[in-house]
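Student: My structure is below; once you've seen it, I'll send some questions.
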Amino acid sequence: MSASSAFNEEKMGSSSVGEAEYAYDPVSGKIFSSDYNRHDDLKEMLDSNKDSLKLEAMKRIVADPNQLIRASALRVLSSIRVTIIVPIMMLAIKEAASDMSPYVRKTAAHAIPKLYSLDPEQKDQLIEVIEKLLADKTTLVAGSVVMAFEEVCPERIDLIHKNYRKLCNLLIDVEEWGQVVIINMLTRYARTQFLNPNLNESLLEDGGSGDKTFYGSDEDEDDDEKENKEKAEAAALAKRKPYVMDPDHRLLLRNTKPLLQSRNAAVVMAVAQLYFHLAPKAEVGVIAKALVRLLRSHSEVQFVVLQNVATMTIRRRGMFEPYLKSFYIRSTDPTLIKILKLEVLTNLANETNISTILREFQTYIKSMDKDFVAATIQAIGRCATNIGEVRDTCLNGLVQLLSNRDELVVAESVVVIKKLLQMQPEKHSDIIKHMAKLTDNIQVPMARASILWLIGEYCEHVPKIAPDVLRKMAKSFTYEEDIVKLQILNLAAKLYLTNSKQTKLLTQYVLNLAKYDQNYDIRDRARFIRQLIVPTEKSGALSKYAKKLFLALKPAPVLESPFKDRDHFQLGSLSHLLNAKAGGYQELPDWPEAAPDPSVRNVEVPEWTKCSSREKRKEKKVEKPFYSDSEGESGPTESADSGNLQHEQSSEEENRKLEKKIKQQEKDSETVSDDEESDSESSQSTSEDSESEAEVKKKVLMTCSQATWHCPAQSKTPTDTITPSGTLKSYELLHRITGEGLSVEYCFGRQPFSPDANMVAVQLQFTNNSTSETKNLHMKDVKLQSGMRVKEFPEIELLPAGDTASAVMGIDFCDSTQAANLQLCTSTRKFFVSIQPPVGELMRPVFLTENEFKREQGQLMGMNELTEKLILDAKYRNEHAIVQRVTTAAHLSRVPCGSDNEFAGRTVTSGSLVLVTVATGEEGVAQLTVNCEKMVIGTMLVKDILLALTQ
């Protein structure tokens, strides 16, 4: 076999369909293919009239090993809308659901809704496939299977229980449209499984009525009253019990919050609606900034965002008040966007900002967009209705618009003024007279009808003008629009009842004209009015109640937002947009009165899965002899599943043994150092021979720095070993002047907090600088950011004057550098303090081999990678200095034997992987690369490492 033919055979086994395998023949000098035409006959076979040839061709296509071919075949099969092939389609979906390729399994999930729409009787079998795919651990499948779940069996929330936490944790890595589907599904799931976090608050806001029912009399109670009483008792009981959020509820809120930074507007909107429907009132405000940021997008996104913001501002007005100026209208905005922004501004209006908003409205009225101007006038009316302090100001401003040259502006002003005058008509008779004079000029039917209604309704306030207006209207009756004619009839009837001497003949004239009108509504109205106000022998008993019918007191209209009560629809849905239930819409469930059993979401993890790879389990076995001289001693191990260093030894005895081993190795290191001074050549060989020992020492030192607060000082530090907690930086928590003699400093111990591995250990040192003792030192969490938790240190009962005490507390910062605002208390005073961690304190080192590092780094490319070039400071250009500065700035572990300076770690709370590479070149030029699953962490880490290496 020639070299070229062997090469072609090798390529043929690994190539995909349709790709030509080329090789170069050095003898012939030609490019040729060994089997270039092997698929040319497939097209002819598929186009053949013989079924046997078609079948053979399809078999050959399906049997290619390429995952894309398998997925495409299933996609084509599921798109054939023929009922007879349903069994074949079902078998194909089941087989694809067990495929080795995640892409094929994803395609199987896409095929499920297609088959369900073709044959709904297959639902039970499809649910089995959905249940299997929901257990899939790959992010590629998650979004597609949840979409299939929503289409086929959204009522089967029992399928979500076991997969809830997995979906929450995978959410950050799912593709964007899958994130939207999963978030919307989890919103409805959470509304069925968790308690309302704002229940106690809502009861306190409208608690008066509940108390009356609770303490009311039992006499003459029916079943409904008893039921109401029981509900009131339950509500009163709920008030007494403090609300504790379910950890799974908190998990959902914590894992979706980072997605507010997504570049996909749909993802941000999905998270926003989730927080609006699920989060406590105090935490909903975090979505405001993200939604305002979307207003810089194109008009389609702005439209959807403003639709949702308009609904949110009705119930949560305070969260958007700081961003008032973001809703100011630009001349380039489309009319729909302008009107929605007006809606938001009107909802945000209150006593403090109304003057600013009215100035904006005054500018908008000058716009050339007539629909926008009309909406602005309506907004002014709503502001006047909701804020009584500016009602007169708004009314006077609208009256001034009656002299505007634009007829549409005048007409809209009349309609709004009419509604405002109904609130206090007796105070504004002058305005009614002024409007009566406009009947000759205003031609818009709705405006004319509004003026006539006002004059008729309050004719007693303008007794001299009303009959004259009726006279003018009688002249032009036949030319008026139908809506105006109806109001003329009403005006005539009211004047006949209140001032029949002046208007009797006019009323009869108008009624006669209406008797022969072309519109049957007008004819019927005229016939009804005649029988009611002009009694005859045939008139019924209603005629004596004519005044009460026509001149009854009418309630003032309430100018409400069209977005009121839309929040019962899930925000972001088509039903919310239309304010009507659309086809296929799934109702947002009500909160349960009692929390369902949370244990249904517990999943037992097999023991072998605690180590994620075979290599890491081997490393445990290899490392054990390094940390123990006998079988009874055990060293620290790593758990790759959580990403945090888990230490097996916790007793003081084991720590002392480690320290003894370190001291012994230090003596050996000093001996080697003396030999180096005496003989340089021998030094070189000794250094090479003891390289593995230095690696062992490095691991021991790292373990010691994780397990204990203090390690003995080193007389000499190897190039890739960092002095542990002796160099920890202290921060001032409370100054002695502010603390009235009590001063507090804190530092981060860079060790796991033993009660809770997701917390950062913070060491506090209290010093009593006063002349009197301090009692009952303890900490309270006052105002923590969303998701943060605190494990307080044990109370220090007594701190004598001039004495010092230490304590350790744990804080879960949720992988965020936001400060934890706490309250430090003594028996007599309370001090508000703040602990803010540098980003490096949110890390825990993780040991990776070079191959593992490269493999993980290859999976965190693209959007998960940040690269910066820098010029190293002259004193940081050696390897030891780089390692020391990086591990000080970021609590990471160095990868042994790496080609560059490579470091690895995981975040404390979520266990997100963090990889750092510092590749050095000539003249101090270096490239810093950070690969991180959480880009917010990665960005801050780059900044801190750059500062550490350049200053």
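Following the order of the structure tokens, chains are lettered A, B, ..., residues in each are numbered from 1, and ligands are numbered from 1.
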Can I get the residues of segment 282-387 of chain A within 12 Å of segment 242-260 of chain A, each with the closest pair of atoms and their distance in Å to one decimal, using only C-alpha atoms, sorted chain first then ascending number, as JSON lines?
Tutor:
{"residue": "A:Glu283", "atom": "CA", "partner": "A:Leu253", "partner_atom": "CA", "distance": 9.6}
{"residue": "A:Val284", "atom": "CA", "partner": "A:Leu253", "partner_atom": "CA", "distance": 10.3}
{"residue": "A:Gly285", "atom": "CA", "partner": "A:Lys257", "partner_atom": "CA", "distance": 11.6}
{"residue": "A:Val286", "atom": "CA", "partner": "A:Lys257", "partner_atom": "CA", "distance": 8.4}
{"residue": "A:Ile287", "atom": "CA", "partner": "A:Leu260", "partner_atom": "CA", "distance": 7.1}
{"residue": "A:Ala288", "atom": "CA", "partner": "A:Leu260", "partner_atom": "CA", "distance": 9.9}
{"residue": "A:Lys289", "atom": "CA", "partner": "A:Leu260", "partner_atom": "CA", "distance": 9.0}
{"residue": "A:Ala290", "atom": "CA", "partner": "A:Leu260", "partner_atom": "CA", "distance": 6.0}
{"residue": "A:Leu291", "atom": "CA", "partner": "A:Leu260", "partner_atom": "CA", "distance": 8.6}
{"residue": "A:Val292", "atom": "CA", "partner": "A:Leu260", "partner_atom": "CA", "distance": 11.3}
{"residue": "A:Arg293", "atom": "CA", "partner": "A:Leu260", "partner_atom": "CA", "distance": 10.1}
{"residue": "A:Leu294", "atom": "CA", "partner": "A:Leu260", "partner_atom": "CA", "distance": 10.5}
Student: In Å, how far is it from atom CA of Ser754 of chain A to atom CA of Lys162 of chain A?
Tutor: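 Atom-to-atom, atom CA of Ser754 of chain A to atom CA of Lys162 of chain A, that is 28.1 Å.
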Student: If we count only C-alpha atoms and set the cut-off at 12 Å, which residues sit around Glu44 of chain A, ignoring sequence neighbours fewer than 6 positions away in its own chain? Please answer as number ranges by chain.
Tutor: A: 50, 53-54, 56-58
Student: In Å to one decimal, how far is atom CA of Thr107 of chain A from atom CA of Ser72 of chain A?
Tutor: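 The value is 8.3 Å.
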Student: Within 6 Å of segment 563-579 of chain A, counting only C-alpha atoms, which residues show up once you throw out same-chain ones fewer than 2 positions away? Write them as a PyMOL selection string, please.
Tutor: chain A and resi 273+311+561+581-582
Student: Would you kindly return, as a list in words, each protein, DNA or RNA residue with an atom no farther than 10 Å from any atom of Gln823 of chain A, considering only C-alpha atoms and excluding same-chain residues fewer than 3 positions away?
Tutor: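 Contacts, with the query itself left out: His778, Met779, Lys780, Asp781, Val782, Lys783, Ala820, Thr826, Lys830, Phe831, Phe832, Val833 and Ser834 of chain A.
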Student: Considering only C-alpha atoms, state which residue in the set A:Glu351, A:Glu856, A:Asp119, A:Asp51 is at the smallest distance from Ile387 of chain A.
Tutor: A:Glu351
Student: Find the residues around Ala493 of chain A up to 10 Å (only C-alpha atoms counted), leave out those fewer than 2 positions away in its own chain, and share them as a list in words.
Tutor: Gly456, Gln487, Ile488, Leu489, Asn490, Leu491, Leu495, Tyr496, Leu497, Thr498, Asn499, Ser500, Thr503, Lys504, Thr507, Gln508, Val510, Leu511, Ala526, Ile529, Arg530, Leu532, Ile533, Val534, Ala546, Lys547, Phe550 and Leu551 of chain A
Student: Could you tell me how far atom CA of Leu74 of chain A lies from atom CA of Leu159 of chain A, in Å and to one decimal?
Tutor: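 Interatomic distance, atom CA of Leu74 of chain A to atom CA of Leu159 of chain A: 25.0 Å.
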Student: Hey, what does DSSP flag as helix (DSSP H, G or I) within segment 96-158 of chain A? Can you give it to me as a PyMOL selection string?
Tutor: chain A and resi 96-97+102-118+120-134+139-152+158
Student: Considering only C-alpha atoms, state which residue in the set A:Ser450, A:Thr774, A:Thr83, A:Ser144 is at the smallest distance from His110 of chain A.
Tutor: A:Ser144
Student: Excluding segment 471-484 of chain A and any residue of its chain fewer than 6 positions from it, enumerate the residues within 8 Å of it, using only C-alpha atoms, and give them as a PyMOL selection string.
Tutor: chain A and resi 445-446+448-449+452+506+509-510+513+519+522
Student: Which is closer to Leu134 of chain A than all the others in A:Ile182, A:Cys814, A:Ile871, A:Leu866, using only C-alpha atoms?
Tutor: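 Using only C-alpha atoms, Leu134 of chain A sits closest to A:Ile182.
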Student: Using only C-alpha atoms, which of the listed residues (A:Val600, A:Leu420, A:Met269, A:Ile365) sits closest to Thr385 of chain A?
Tutor: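 Between A:Val600, A:Leu420, A:Met269, A:Ile365, the residue approaching Thr385 of chain A most closely is A:Leu420.
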